[in-house]
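Below is input_23.csv, holding CSV, C-alpha atoms and all ligand atoms.
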```csv
chain,number,residue,atom,x,y,z
A,3,MET,CA,-38.6,-62.6,35.5
A,4,PRO,CA,-39.2,-59.5,37.6
A,5,ASN,CA,-41.0,-61.1,40.5
A,6,GLU,CA,-39.3,-64.4,40.8
A,7,LYS,CA,-38.3,-65.4,44.3
A,8,VAL,CA,-34.7,-65.2,45.2
A,9,ASN,CA,-32.7,-67.6,47.4
A,10,ILE,CA,-31.5,-66.4,50.7
A,11,LEU,CA,-29.0,-68.5,52.5
A,12,MET,CA,-29.0,-68.3,56.3
A,13,VAL,CA,-25.9,-69.7,58.0
A,14,ASP,CA,-25.6,-70.4,61.7
A,15,ASP,CA,-24.6,-73.3,63.8
A,16,GLN,CA,-27.3,-72.7,66.3
A,17,PRO,CA,-30.7,-74.0,65.1
A,18,GLY,CA,-32.4,-71.5,67.4
A,19,LYS,CA,-30.9,-68.5,65.6
A,20,LEU,CA,-31.7,-69.9,62.2
A,21,LEU,CA,-35.3,-70.3,63.3
A,22,SER,CA,-35.4,-66.7,64.4
A,23,TYR,CA,-34.0,-65.4,61.1
A,24,GLU,CA,-36.6,-67.5,59.4
A,25,VAL,CA,-39.4,-66.0,61.4
A,26,ILE,CA,-38.2,-62.5,60.7
A,27,LEU,CA,-37.7,-63.0,56.9
A,28,GLU,CA,-40.7,-65.3,56.2
A,29,GLU,CA,-43.0,-62.4,55.3
A,30,LEU,CA,-40.8,-61.3,52.5
A,31,GLY,CA,-41.9,-64.3,50.5
A,32,GLU,CA,-38.5,-65.2,49.2
A,33,ASN,CA,-36.9,-68.7,49.4
A,34,LEU,CA,-35.1,-69.3,52.7
A,35,ILE,CA,-32.4,-71.9,52.8
A,36,LYS,CA,-30.7,-73.0,56.1
A,37,ALA,CA,-27.1,-74.2,56.5
A,38,SER,CA,-25.6,-75.1,59.9
A,39,SER,CA,-22.0,-75.3,58.9
A,40,GLY,CA,-19.6,-73.6,56.5
A,41,LYS,CA,-19.4,-76.8,54.4
A,42,GLU,CA,-23.1,-77.0,54.1
A,43,ALA,CA,-23.2,-73.3,53.2
A,44,LEU,CA,-20.7,-73.8,50.4
A,45,GLU,CA,-22.6,-76.8,49.1
A,46,CYS,CA,-25.8,-74.7,49.0
A,47,LEU,CA,-24.0,-72.0,47.1
A,48,LEU,CA,-22.8,-74.4,44.5
A,49,LYS,CA,-26.1,-76.1,44.1
A,50,ASP,CA,-28.5,-73.1,44.0
A,51,GLU,CA,-28.3,-69.6,42.8
A,52,ILE,CA,-28.0,-67.6,46.0
A,53,ALA,CA,-28.8,-63.9,46.1
A,54,ILE,CA,-27.9,-63.2,49.7
A,55,VAL,CA,-25.9,-64.9,52.4
A,56,LEU,CA,-26.9,-64.0,56.0
A,57,MET,CA,-24.5,-65.1,58.7
A,58,ASP,CA,-23.4,-64.4,62.2
A,59,VAL,CA,-19.8,-63.2,62.5
A,60,SER,CA,-19.1,-65.0,65.7
A,61,MET,CA,-20.5,-68.5,65.6
A,62,PRO,CA,-18.9,-70.7,68.2
A,63,ASP,CA,-17.6,-73.3,65.7
A,64,LEU,CA,-17.5,-71.2,62.5
A,65,ASP,CA,-15.9,-67.9,61.8
A,66,GLY,CA,-18.2,-65.8,59.5
A,67,PHE,CA,-15.4,-63.8,58.1
A,68,GLU,CA,-13.5,-66.9,57.1
A,69,LEU,CA,-16.5,-68.3,55.4
A,70,ALA,CA,-17.1,-65.0,53.6
A,71,GLU,CA,-13.5,-65.1,52.4
A,72,MET,CA,-13.9,-68.6,51.0
A,73,ILE,CA,-17.1,-67.5,49.3
A,74,ARG,CA,-15.5,-64.5,47.8
A,75,GLN,CA,-12.6,-66.5,46.4
A,76,HIS,CA,-14.9,-68.3,44.1
A,77,PRO,CA,-15.3,-66.3,40.9
A,78,ARG,CA,-19.0,-67.1,40.7
A,79,PHE,CA,-19.7,-65.6,44.2
A,80,GLN,CA,-17.6,-62.5,44.0
A,81,THR,CA,-20.7,-60.3,43.8
A,82,THR,CA,-23.0,-62.4,46.1
A,83,ALA,CA,-24.4,-60.1,48.8
A,84,ILE,CA,-23.4,-60.9,52.3
A,85,ILE,CA,-25.1,-59.6,55.4
A,86,PHE,CA,-23.1,-60.1,58.6
A,87,ILE,CA,-24.9,-60.2,61.9
A,88,SER,CA,-22.5,-59.0,64.6
A,89,ALA,CA,-22.1,-57.1,67.8
A,90,VAL,CA,-20.8,-53.8,66.5
A,91,HIS,CA,-17.1,-53.5,67.1
A,92,MET,CA,-14.9,-51.1,65.2
A,93,GLN,CA,-12.7,-54.0,64.4
A,94,ASP,CA,-15.6,-55.8,62.7
A,95,ILE,CA,-16.4,-52.8,60.6
A,96,ASP,CA,-12.8,-52.6,59.6
A,97,GLN,CA,-13.0,-56.2,58.5
A,98,LEU,CA,-16.0,-55.4,56.3
A,99,LYS,CA,-13.8,-53.2,54.1
A,100,GLY,CA,-12.1,-56.3,52.8
A,101,TYR,CA,-15.3,-57.4,51.2
A,102,GLN,CA,-16.4,-54.2,49.6
A,103,ARG,CA,-16.1,-55.7,46.1
A,104,GLY,CA,-19.5,-57.3,46.3
A,105,GLY,CA,-22.6,-56.2,48.1
A,106,VAL,CA,-21.9,-56.4,51.8
A,107,ASP,CA,-23.6,-55.0,54.9
A,108,TYR,CA,-23.9,-55.8,58.6
A,109,ILE,CA,-26.5,-55.6,61.2
A,110,SER,CA,-25.8,-55.4,64.9
A,111,VAL,CA,-27.4,-57.5,67.7
A,112,PRO,CA,-30.0,-57.5,69.0
A,113,VAL,CA,-31.4,-57.8,65.5
A,114,ILE,CA,-34.2,-55.3,64.8
A,115,PRO,CA,-36.5,-57.3,62.5
A,116,GLU,CA,-37.6,-54.3,60.4
A,117,LEU,CA,-34.0,-53.4,59.8
A,118,LEU,CA,-33.0,-56.9,58.7
A,119,ARG,CA,-36.0,-57.1,56.4
A,120,ALA,CA,-35.2,-53.7,54.9
A,121,LYS,CA,-31.6,-54.7,54.2
A,122,VAL,CA,-32.5,-58.1,52.7
A,123,THR,CA,-35.2,-56.4,50.6
A,124,VAL,CA,-32.7,-54.0,49.1
A,125,PHE,CA,-30.3,-56.8,48.2
A,126,ALA,CA,-33.0,-59.0,46.8
A,127,GLU,CA,-34.3,-56.2,44.6
A,128,LEU,CA,-30.8,-55.5,43.4
A,129,PHE,CA,-30.3,-59.2,42.6
A,130,ARG,CA,-33.6,-59.3,40.7
A,131,LYS,CA,-32.8,-56.1,38.8
A,132,THR,CA,-29.3,-57.4,37.8
A,133,LYS,CA,-30.9,-60.6,36.6
A,134,GLN,CA,-33.4,-58.7,34.6
A,135,LEU,CA,-30.7,-56.6,33.1
A,136,GLU,CA,-28.7,-59.6,32.1
A,137,GLN,CA,-31.7,-61.2,30.5
A,138,LEU,CA,-32.5,-58.0,28.6
A,139,ASN,CA,-28.9,-57.7,27.5
A,140,GLY,CA,-29.0,-61.2,26.2
A,141,ASP,CA,-32.3,-60.5,24.3
A,142,LEU,CA,-30.7,-57.3,22.9
A,143,ARG,CA,-27.6,-59.2,21.7
A,144,ARG,CA,-29.7,-61.9,20.0
A,145,LEU,CA,-32.0,-59.3,18.5
A,146,SER,CA,-29.2,-57.2,17.1
A,147,SER,CA,-27.4,-60.1,15.5
A,148,HIS,CA,-30.8,-61.2,14.0
A,149,LEU,CA,-31.4,-57.6,12.8
A,150,ILE,CA,-28.0,-57.5,11.1
A,151,THR,CA,-28.8,-60.7,9.2
A,152,MET,CA,-32.2,-59.4,8.3
A,153,GLN,CA,-30.8,-56.1,7.2
A,154,ASP,CA,-28.4,-57.9,5.0
A,155,GLU,CA,-31.1,-60.1,3.5
A,156,GLU,CA,-33.3,-57.1,3.0
A,157,ARG,CA,-30.5,-55.2,1.1
A,158,ARG,CA,-29.9,-58.3,-1.0
A,159,ARG,CA,-33.6,-58.5,-1.8
A,160,ILE,CA,-33.8,-54.8,-2.7
A,161,ALA,CA,-30.7,-55.0,-4.9
A,162,ARG,CA,-32.2,-58.0,-6.7
A,163,GLU,CA,-35.5,-56.3,-7.2
A,164,LEU,CA,-33.7,-53.2,-8.5
A,165,HIS,CA,-31.6,-55.2,-10.8
A,166,ASP,CA,-33.9,-57.9,-12.1
A,167,GLY,CA,-37.2,-55.9,-12.0
A,168,LEU,CA,-36.8,-52.2,-12.3
A,169,GLY,CA,-33.4,-52.4,-14.1
A,170,GLN,CA,-34.8,-54.8,-16.8
A,171,ASP,CA,-37.9,-52.7,-17.4
A,172,LEU,CA,-35.9,-49.5,-17.8
A,173,VAL,CA,-33.5,-51.2,-20.2
A,174,ALA,CA,-36.4,-52.5,-22.3
A,175,ALA,CA,-38.0,-49.0,-22.3
A,176,LYS,CA,-34.8,-47.4,-23.3
A,177,MET,CA,-34.3,-49.9,-26.1
A,178,LEU,CA,-37.7,-49.1,-27.5
A,179,LEU,CA,-37.1,-45.4,-27.3
A,180,ASP,CA,-33.6,-45.7,-28.9
A,181,GLN,CA,-35.3,-47.4,-31.9
A,182,CYS,CA,-37.4,-44.3,-32.5
A,183,THR,CA,-35.1,-42.7,-35.1
A,184,PRO,CA,-36.0,-40.8,-38.2
A,185,ARG,CA,-35.4,-44.0,-40.2
A,186,ILE,CA,-38.6,-45.7,-39.0
A,187,SER,CA,-42.1,-44.8,-39.8
A,188,GLU,CA,-44.3,-42.5,-37.8
A,189,GLU,CA,-46.6,-45.4,-37.1
A,190,SER,CA,-43.8,-47.6,-35.7
A,191,LYS,CA,-42.6,-44.7,-33.6
A,192,ILE,CA,-46.0,-44.3,-32.0
A,193,GLU,CA,-46.2,-48.0,-31.4
A,194,LYS,CA,-42.8,-48.2,-29.7
A,195,ALA,CA,-43.5,-45.1,-27.6
A,196,LYS,CA,-46.7,-46.8,-26.4
A,197,GLN,CA,-44.9,-50.0,-25.5
A,198,ALA,CA,-42.2,-48.0,-23.7
A,199,SER,CA,-44.9,-46.0,-21.8
A,200,GLY,CA,-46.6,-49.3,-20.7
A,201,ILE,CA,-43.2,-50.6,-19.4
A,202,MET,CA,-42.6,-47.3,-17.6
A,203,ASP,CA,-46.0,-47.8,-15.9
A,204,LEU,CA,-44.8,-51.1,-14.5
A,205,ALA,CA,-41.5,-49.5,-13.4
A,206,ILE,CA,-43.4,-46.7,-11.6
A,207,GLN,CA,-45.6,-49.3,-9.9
A,208,GLN,CA,-42.5,-51.2,-8.7
A,209,VAL,CA,-40.9,-48.1,-7.3
A,210,ARG,CA,-44.1,-47.3,-5.4
A,211,SER,CA,-44.5,-50.7,-3.9
A,212,MET,CA,-40.8,-50.8,-2.9
A,213,SER,CA,-40.9,-47.4,-1.3
A,214,HIS,CA,-44.2,-48.3,0.5
A,215,LEU,CA,-42.6,-51.3,2.0
A,216,LEU,CA,-39.5,-49.4,3.1
A,217,HIS,CA,-41.5,-46.7,4.8
A,218,PRO,CA,-45.3,-46.3,5.1
A,219,PRO,CA,-45.9,-43.2,3.1
A,220,LEU,CA,-49.0,-41.9,4.8
A,221,LEU,CA,-47.8,-42.3,8.4
A,222,ASP,CA,-45.9,-39.0,8.8
A,223,GLU,CA,-48.4,-36.9,7.0
A,224,VAL,CA,-51.8,-38.2,7.9
A,225,GLY,CA,-51.2,-40.3,11.0
A,226,ILE,CA,-51.7,-43.8,12.2
A,227,VAL,CA,-55.4,-44.2,11.6
A,228,SER,CA,-55.2,-43.5,7.8
A,229,ALA,CA,-52.0,-45.4,7.4
A,230,LEU,CA,-53.4,-48.5,9.2
A,231,THR,CA,-56.6,-48.4,7.2
A,232,TRP,CA,-54.7,-48.1,4.0
A,233,TYR,CA,-52.4,-51.0,5.0
A,234,VAL,CA,-55.2,-53.2,6.2
A,235,GLU,CA,-57.2,-52.7,3.0
A,236,GLY,CA,-54.2,-53.7,1.0
A,237,PHE,CA,-53.5,-56.7,3.2
A,238,SER,CA,-57.1,-57.9,2.9
A,239,LYS,CA,-56.9,-57.8,-0.9
A,240,ARG,CA,-53.5,-59.4,-1.1
A,241,SER,CA,-54.0,-62.2,1.5
A,242,GLY,CA,-57.7,-63.0,1.0
A,243,ILE,CA,-58.1,-62.7,4.8
A,244,LYS,CA,-61.0,-60.5,5.5
A,245,THR,CA,-59.6,-57.9,7.9
A,246,THR,CA,-61.3,-55.0,9.5
A,247,VAL,CA,-60.1,-52.0,11.5
A,248,GLY,CA,-61.8,-50.6,14.7
A,249,ILE,CA,-60.8,-47.2,16.0
A,250,GLU,CA,-61.8,-45.8,19.4
A,251,PRO,CA,-62.5,-42.9,19.8
A,252,ALA,CA,-63.4,-42.3,16.2
A,253,GLU,CA,-61.7,-38.8,16.5
A,254,PHE,CA,-58.4,-40.4,17.1
A,255,PRO,CA,-55.6,-37.9,18.0
A,256,ARG,CA,-52.2,-37.8,16.5
A,257,LEU,CA,-49.5,-39.5,18.6
A,258,GLU,CA,-45.8,-39.1,19.0
A,259,ARG,CA,-44.0,-40.1,15.9
A,260,GLU,CA,-42.1,-43.0,17.5
A,261,LEU,CA,-45.3,-44.3,18.9
A,262,GLU,CA,-47.1,-44.2,15.6
A,263,ILE,CA,-44.3,-46.0,13.9
A,264,THR,CA,-44.2,-48.7,16.6
A,265,ILE,CA,-48.0,-49.3,16.3
A,266,PHE,CA,-47.8,-49.5,12.6
A,267,ARG,CA,-44.9,-51.9,12.5
A,268,VAL,CA,-46.4,-54.1,15.2
A,269,VAL,CA,-49.7,-54.4,13.3
A,270,GLN,CA,-47.8,-55.0,10.0
A,271,GLU,CA,-45.7,-57.7,11.6
A,272,ALA,CA,-48.7,-59.3,13.4
A,273,LEU,CA,-50.7,-59.4,10.2
A,274,THR,CA,-47.8,-61.0,8.4
A,275,ASN,CA,-47.8,-63.6,11.1
A,276,VAL,CA,-51.5,-64.1,10.7
A,277,PHE,CA,-50.9,-64.6,6.9
A,278,ARG,CA,-48.0,-67.0,7.4
A,279,HIS,CA,-48.9,-69.0,10.4
A,280,ALA,CA,-52.6,-68.7,11.5
A,281,GLN,CA,-54.6,-70.3,8.6
A,282,ALA,CA,-57.2,-67.7,9.4
A,283,ARG,CA,-60.2,-66.5,7.4
A,284,GLN,CA,-60.7,-63.3,9.3
A,285,ALA,CA,-58.7,-60.8,11.3
A,286,TRP,CA,-59.5,-57.7,13.4
A,287,VAL,CA,-57.3,-54.8,14.1
A,288,ASN,CA,-58.3,-52.5,17.0
A,289,LEU,CA,-56.8,-49.3,18.1
A,290,SER,CA,-57.9,-47.4,21.2
A,291,ASN,CA,-56.7,-44.5,23.2
A,292,ARG,CA,-58.0,-44.3,26.8
A,293,ALA,CA,-56.7,-42.9,30.0
A,294,ASN,CA,-53.3,-41.9,28.5
A,295,LYS,CA,-52.8,-45.4,27.2
A,296,VAL,CA,-52.9,-46.6,23.6
A,297,THR,CA,-53.9,-50.2,23.0
A,298,ALA,CA,-53.5,-51.9,19.7
A,299,SER,CA,-54.6,-55.5,19.0
A,300,VAL,CA,-54.6,-57.9,16.2
A,301,ARG,CA,-56.9,-60.9,16.5
A,302,ASP,CA,-57.4,-63.8,14.1
A,303,ASP,CA,-59.7,-66.8,13.9
A,304,GLY,CA,-57.0,-69.2,13.0
A,305,GLN,CA,-55.3,-72.2,14.7
A,306,GLY,CA,-53.9,-70.4,17.7
A,307,VAL,CA,-50.4,-70.2,19.1
A,308,SER,CA,-48.5,-72.6,21.4
A,309,GLN,CA,-48.1,-71.7,25.1
A,310,ARG,CA,-44.3,-71.2,24.5
A,311,VAL,CA,-45.0,-68.5,22.0
A,312,ALA,CA,-47.6,-66.9,24.3
A,313,ASP,CA,-45.0,-66.9,27.1
A,314,LEU,CA,-42.6,-65.2,24.7
A,315,LYS,CA,-40.0,-67.9,25.3
A,316,PRO,CA,-36.7,-66.9,23.6
A,317,GLY,CA,-36.3,-70.1,21.6
A,318,SER,CA,-39.9,-70.1,20.3
A,319,ILE,CA,-40.2,-66.6,19.0
A,320,GLY,CA,-38.5,-65.2,15.9
A,321,ILE,CA,-37.3,-61.8,14.9
A,322,GLY,CA,-41.0,-60.8,14.3
A,323,ILE,CA,-42.3,-61.0,17.8
A,324,GLY,CA,-38.8,-60.4,19.3
A,325,GLY,CA,-38.7,-57.1,17.4
A,326,MET,CA,-42.2,-56.1,18.5
A,327,LYS,CA,-41.3,-56.8,22.1
A,328,GLN,CA,-38.2,-54.7,21.9
A,329,ARG,CA,-40.0,-51.8,20.2
A,330,VAL,CA,-42.9,-51.8,22.7
A,331,ARG,CA,-40.6,-52.1,25.8
A,332,GLU,CA,-38.5,-49.2,24.5
A,333,LEU,CA,-41.6,-47.1,24.9
A,334,GLY,CA,-42.4,-48.4,28.3
A,335,GLY,CA,-45.2,-50.6,27.1
A,336,ASP,CA,-46.2,-54.2,27.3
A,337,ILE,CA,-47.0,-56.9,24.8
A,338,THR,CA,-49.2,-60.0,25.4
A,339,ILE,CA,-50.1,-62.9,23.1
A,340,SER,CA,-52.9,-65.2,24.0
A,341,GLN,CA,-55.3,-67.8,22.7
A,342,ALA,CA,-58.6,-66.2,21.5
A,343,ASP,CA,-60.5,-69.4,21.0
A,344,PRO,CA,-60.5,-69.7,18.1
A,345,GLY,CA,-57.3,-68.0,17.0
A,346,THR,CA,-54.8,-65.7,18.5
A,347,ILE,CA,-54.9,-62.2,20.0
A,348,LEU,CA,-51.8,-60.1,20.1
A,349,GLU,CA,-52.1,-56.9,22.1
A,350,ILE,CA,-49.8,-54.0,22.9
A,351,VAL,CA,-50.4,-51.3,25.6
A,352,ILE,CA,-48.2,-48.3,25.6
A,353,PRO,CA,-48.4,-45.2,27.8
A,354,CYS,CA,-48.8,-42.1,25.7
A,355,SER,CA,-49.4,-38.4,25.7
A,356,THR,CA,-51.3,-37.0,22.8
A,357,LYS,CA,-49.2,-35.0,20.4
A,358,VAL,CA,-49.8,-31.3,21.0
A,359,PRO,CA,-49.6,-29.1,17.9
A,360,LEU,CA,-46.6,-26.8,18.1
A,361,GLU,CA,-48.8,-23.6,18.0
A,362,MET,CA,-50.8,-24.8,21.0
A,363,ARG,CA,-47.8,-25.4,23.3
A,364,VAL,CA,-47.5,-22.9,26.1
A,365,SER,CA,-44.0,-21.9,27.2
A,366,VAL,CA,-43.4,-21.6,30.9
A,401,LIG,N1,-51.3,-65.4,14.5
A,401,LIG,C1,-50.6,-66.5,14.7
A,401,LIG,N2,-51.2,-67.7,14.6
A,401,LIG,C2,-50.5,-68.8,14.8
A,401,LIG,N3,-49.2,-68.9,15.1
A,401,LIG,C3,-48.5,-67.7,15.2
A,401,LIG,C4,-49.2,-66.5,15.0
A,401,LIG,N4,-48.3,-65.5,15.3
A,401,LIG,C5,-47.1,-66.1,15.6
A,401,LIG,N5,-47.3,-67.4,15.6
A,401,LIG,C6,-46.2,-68.4,15.9
A,401,LIG,O1,-45.2,-67.7,16.6
A,401,LIG,C7,-43.9,-68.0,16.0
A,401,LIG,C8,-43.0,-66.8,16.2
A,401,LIG,O2,-43.4,-65.7,15.4
A,401,LIG,P1,-42.4,-64.6,15.0
A,401,LIG,O3,-43.1,-63.6,14.2
A,401,LIG,O4,-41.6,-64.2,16.2
A,401,LIG,O5,-41.4,-65.5,14.0
A,401,LIG,P2,-41.6,-66.0,12.6
A,401,LIG,O6,-42.9,-65.4,12.0
A,401,LIG,O7,-41.6,-67.5,12.7
A,401,LIG,O8,-40.4,-65.5,11.8
A,401,LIG,P3,-40.0,-64.0,11.4
A,401,LIG,O9,-38.8,-63.8,12.3
A,401,LIG,O10,-39.7,-64.0,10.0
A,401,LIG,O11,-41.1,-63.1,11.8
A,401,LIG,C9,-44.3,-68.4,14.6
A,401,LIG,O12,-43.3,-69.2,14.0
A,401,LIG,C10,-45.6,-69.1,14.7
A,401,LIG,O13,-45.4,-70.4,15.0
A,402,MG,MG,-43.2,-63.3,12.0
```

Before anything else, please render the file you have as structure tokens.
Amino acid sequence: MPNEKVNILMVDDQPGKLLSYEVILEELGENLIKASSGKEALECLLKDEIAIVLMDVSMPDLDGFELAEMIRQHPRFQTTAIIFISAVHMQDIDQLKGYQRGGVDYISVPVIPELLRAKVTVFAELFRKTKQLEQLNGDLRRLSSHLITMQDEERRRIARELHDGLGQDLVAAKMLLDQCTPRISEESKIEKAKQASGIMDLAIQQVRSMSHLLHPPLLDEVGIVSALTWYVEGFSKRSGIKTTVGIEPAEFPRLERELEITIFRVVQEALTNVFRHAQARQAWVNLSNRANKVTASVRDDGQGVSQRVADLKPGSIGIGIGGMKQRVRELGGDITISQADPGTILEIVIPCSTKVPLEMRVSV
């Protein structure tokens, strides 16, 4: 999580000094942990996830560099940031070079509180960002393996539909047409051609619905509003869930292509969830564009979601919400899911710039 507190381990064998570090760092709002010996420090490191170790180089009973060396030998702590507090000697600075592998810094005595806080803040942010990145990487890995499976299933489904549906219809139509030889009566020919034409209608219908599912046909040409209205109308009919669309402003502008596709896919996926999980009778889709932000929401009057889903906990969400989250974040936006009492509301907010027609662009 971006604003989670990080643990800062302060090591010194003099309680007075630990107290003064604590006073200086308190206002940063991070977790401060104290250790008065090397052994205690190592125990803390093994027990908690420490972002930064802060220690005096020259403690009477403990050599800071030796402790740093011990810390660095452990694979888990090779990148733990260490801030040494020391009287500046060239010799000390030379020693610092030995630890360059992980984050390392020093601050000279007397300690200037602002300086110490600034250094700690930099390392704490770095730690948080690294964690965030690790989490995102994990999400991405899970999502891409999910996507590969989904893609495979989707291909199998299309292949089956092509073979069992469209293929069979075309074979039947061809058989009927092949029978229209000079040997059969004019009447039979007309009858068979009629039957073949009826089967062809079904085949055309199948091609249409398959291609609609693969890519919303209206999106590129007429934009998100028409495409959403078209989709929601179809959804209402197919699902029996009375669904309405609200657009604001009514004169909705065209948006960047990626943004329009993302909104469309999120609404499509969210309505699929309403159909599959909500047991709702009604649903509302809203799209608004205000202050360079586009907001899209899907609300239903169904049974609501669990808190774990609302918190977007990795184990509780599937490829549906996982994919929405990914798409929205890629565009610098945010997704929230919450209880609507009754029902659920899913909302995405994405920063946007209105698409400017080519002829109106001014070159500078
Ligand atoms: N509108 C809703 N009402 C009630 N529960 C919902 C709603 N939307 C989502 N959920 C819950 O959130 C869970 C996660 O949804 P998500 O779309 O990520 O996965 P899924 O629908 O189970 O599977 P898929 O990966 O095929 O989409 C669902 O299993 C369901 O329990
Ligand atoms: Mg789903």

Contacts of ligand LIG 401 (chain A), 8 Å or closer, only C-alpha atoms and all ligand atoms, given as a PyMOL selection string: chain A and resi 271-282+301-302+304-308+311+318-325+345-348

Please write the residues from the selection above to a file, keeping C-alpha atoms, as a PDB file, in the coordinates of the input.
```pdb
ATOM      1  CA  GLU A 271     -45.700 -57.700  11.600  1.00  0.00           C
ATOM      2  CA  ALA A 272     -48.700 -59.300  13.400  1.00  0.00           C
ATOM      3  CA  LEU A 273     -50.700 -59.400  10.200  1.00  0.00           C
ATOM      4  CA  THR A 274     -47.800 -61.000   8.400  1.00  0.00           C
ATOM      5  CA  ASN A 275     -47.800 -63.600  11.100  1.00  0.00           C
ATOM      6  CA  VAL A 276     -51.500 -64.100  10.700  1.00  0.00           C
ATOM      7  CA  PHE A 277     -50.900 -64.600   6.900  1.00  0.00           C
ATOM      8  CA  ARG A 278     -48.000 -67.000   7.400  1.00  0.00           C
ATOM      9  CA  HIS A 279     -48.900 -69.000  10.400  1.00  0.00           C
ATOM     10  CA  ALA A 280     -52.600 -68.700  11.500  1.00  0.00           C
ATOM     11  CA  GLN A 281     -54.600 -70.300   8.600  1.00  0.00           C
ATOM     12  CA  ALA A 282     -57.200 -67.700   9.400  1.00  0.00           C
ATOM     13  CA  ARG A 301     -56.900 -60.900  16.500  1.00  0.00           C
ATOM     14  CA  ASP A 302     -57.400 -63.800  14.100  1.00  0.00           C
ATOM     15  CA  GLY A 304     -57.000 -69.200  13.000  1.00  0.00           C
ATOM     16  CA  GLN A 305     -55.300 -72.200  14.700  1.00  0.00           C
ATOM     17  CA  GLY A 306     -53.900 -70.400  17.700  1.00  0.00           C
ATOM     18  CA  VAL A 307     -50.400 -70.200  19.100  1.00  0.00           C
ATOM     19  CA  SER A 308     -48.500 -72.600  21.400  1.00  0.00           C
ATOM     20  CA  VAL A 311     -45.000 -68.500  22.000  1.00  0.00           C
ATOM     21  CA  SER A 318     -39.900 -70.100  20.300  1.00  0.00           C
ATOM     22  CA  ILE A 319     -40.200 -66.600  19.000  1.00  0.00           C
ATOM     23  CA  GLY A 320     -38.500 -65.200  15.900  1.00  0.00           C
ATOM     24  CA  ILE A 321     -37.300 -61.800  14.900  1.00  0.00           C
ATOM     25  CA  GLY A 322     -41.000 -60.800  14.300  1.00  0.00           C
ATOM     26  CA  ILE A 323     -42.300 -61.000  17.800  1.00  0.00           C
ATOM     27  CA  GLY A 324     -38.800 -60.400  19.300  1.00  0.00           C
ATOM     28  CA  GLY A 325     -38.700 -57.100  17.400  1.00  0.00           C
ATOM     29  CA  GLY A 345     -57.300 -68.000  17.000  1.00  0.00           C
ATOM     30  CA  THR A 346     -54.800 -65.700  18.500  1.00  0.00           C
ATOM     31  CA  ILE A 347     -54.900 -62.200  20.000  1.00  0.00           C
ATOM     32  CA  LEU A 348     -51.800 -60.100  20.100  1.00  0.00           C
TER      33      LEU A 348
END
```

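Between Ala53 of chain A and the candidates A:Val122, A:Val287, A:Ala205, A:Ala252, the tightest atom-to-atom separation, counting all atoms listed in the file, involves A:Val122.
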
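If all atoms listed in the file are the atoms counted, then among A:Met72, A:Val351, A:Ala285, A:Leu142 the closest residue to Lys41 of chain A is A:Met72.
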
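Here atom CA of Glu32 of chain A stands at a distance of 6.5 Å from atom CA of Asn9 of chain A.
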
Option closest in space to Val111 of chain A, from A:Ile243, A:Leu230, A:Ile160, A:Val59 [counting all atoms listed in the file]: A:Val59

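In this model, the gap between atom CA of Asp141 of chain A and atom CA of Arg329 of chain A comes to 12.3 Å.
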
Residue contacts of segment 26-31 of chain A (10 Å, all atoms listed in the file) excluding same-chain residues fewer than 5 positions away, as a PyMOL selection string: chain A and resi 7-8+10+20-21+113-116+118-120+122-123+126

Straight-line distance linking atom CA of Ser88 of chain A with atom CA of Glu127 of chain A, stated in Å to one decimal: 23.4 Å

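The nearest approach to Val224 of chain A among the residues A:Lys191, A:Arg158, A:Lys327, A:Arg259, with all atoms listed in the file taken into account, belongs to A:Arg259.
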
Residue among A:Lys315, A:Val106, A:Asn288, A:Ile150 lying closest to Phe125 of chain A, counting only C-alpha atoms: A:Val106

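Within the 12 Å cut-off around Lys36 of chain A, using only C-alpha atoms and omitting residues fewer than 4 positions from it on the same chain, the listed residues are Asn9, Ile10, Leu11, Met12, Val13, Asp14, Asp15, Gln16, Pro17, Gly18, Lys19, Leu20, Leu21, Ser22, Tyr23, Glu24, Gly40, Glu42, Ala43, Leu44, Glu45, Cys46, Leu47, Ile52, Val55, Leu56 and Met57 of chain A.
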
Based on the selection just made, write C-alpha atoms of those residues as a compact mmCIF listing (two decimals), in the frame of the given file.
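Below is the file out00.txt, written as the result:
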```txt
# COMPACT_ATOMS: atom_id res chain seq x y z
CA ASN A 9 -32.70 -67.60 47.40
CA ILE A 10 -31.50 -66.40 50.70
CA LEU A 11 -29.00 -68.50 52.50
CA MET A 12 -29.00 -68.30 56.30
CA VAL A 13 -25.90 -69.70 58.00
CA ASP A 14 -25.60 -70.40 61.70
CA ASP A 15 -24.60 -73.30 63.80
CA GLN A 16 -27.30 -72.70 66.30
CA PRO A 17 -30.70 -74.00 65.10
CA GLY A 18 -32.40 -71.50 67.40
CA LYS A 19 -30.90 -68.50 65.60
CA LEU A 20 -31.70 -69.90 62.20
CA LEU A 21 -35.30 -70.30 63.30
CA SER A 22 -35.40 -66.70 64.40
CA TYR A 23 -34.00 -65.40 61.10
CA GLU A 24 -36.60 -67.50 59.40
CA GLY A 40 -19.60 -73.60 56.50
CA GLU A 42 -23.10 -77.00 54.10
CA ALA A 43 -23.20 -73.30 53.20
CA LEU A 44 -20.70 -73.80 50.40
CA GLU A 45 -22.60 -76.80 49.10
CA CYS A 46 -25.80 -74.70 49.00
CA LEU A 47 -24.00 -72.00 47.10
CA ILE A 52 -28.00 -67.60 46.00
CA VAL A 55 -25.90 -64.90 52.40
CA LEU A 56 -26.90 -64.00 56.00
CA MET A 57 -24.50 -65.10 58.70
```

Exercise: Gly169 of chain A partners within 12 Å, all atoms listed in the file, chain neighbours under 6 positions left out, as a ChimeraX atom specification: /A:160-163,175-176,201-202,204-206,208-209
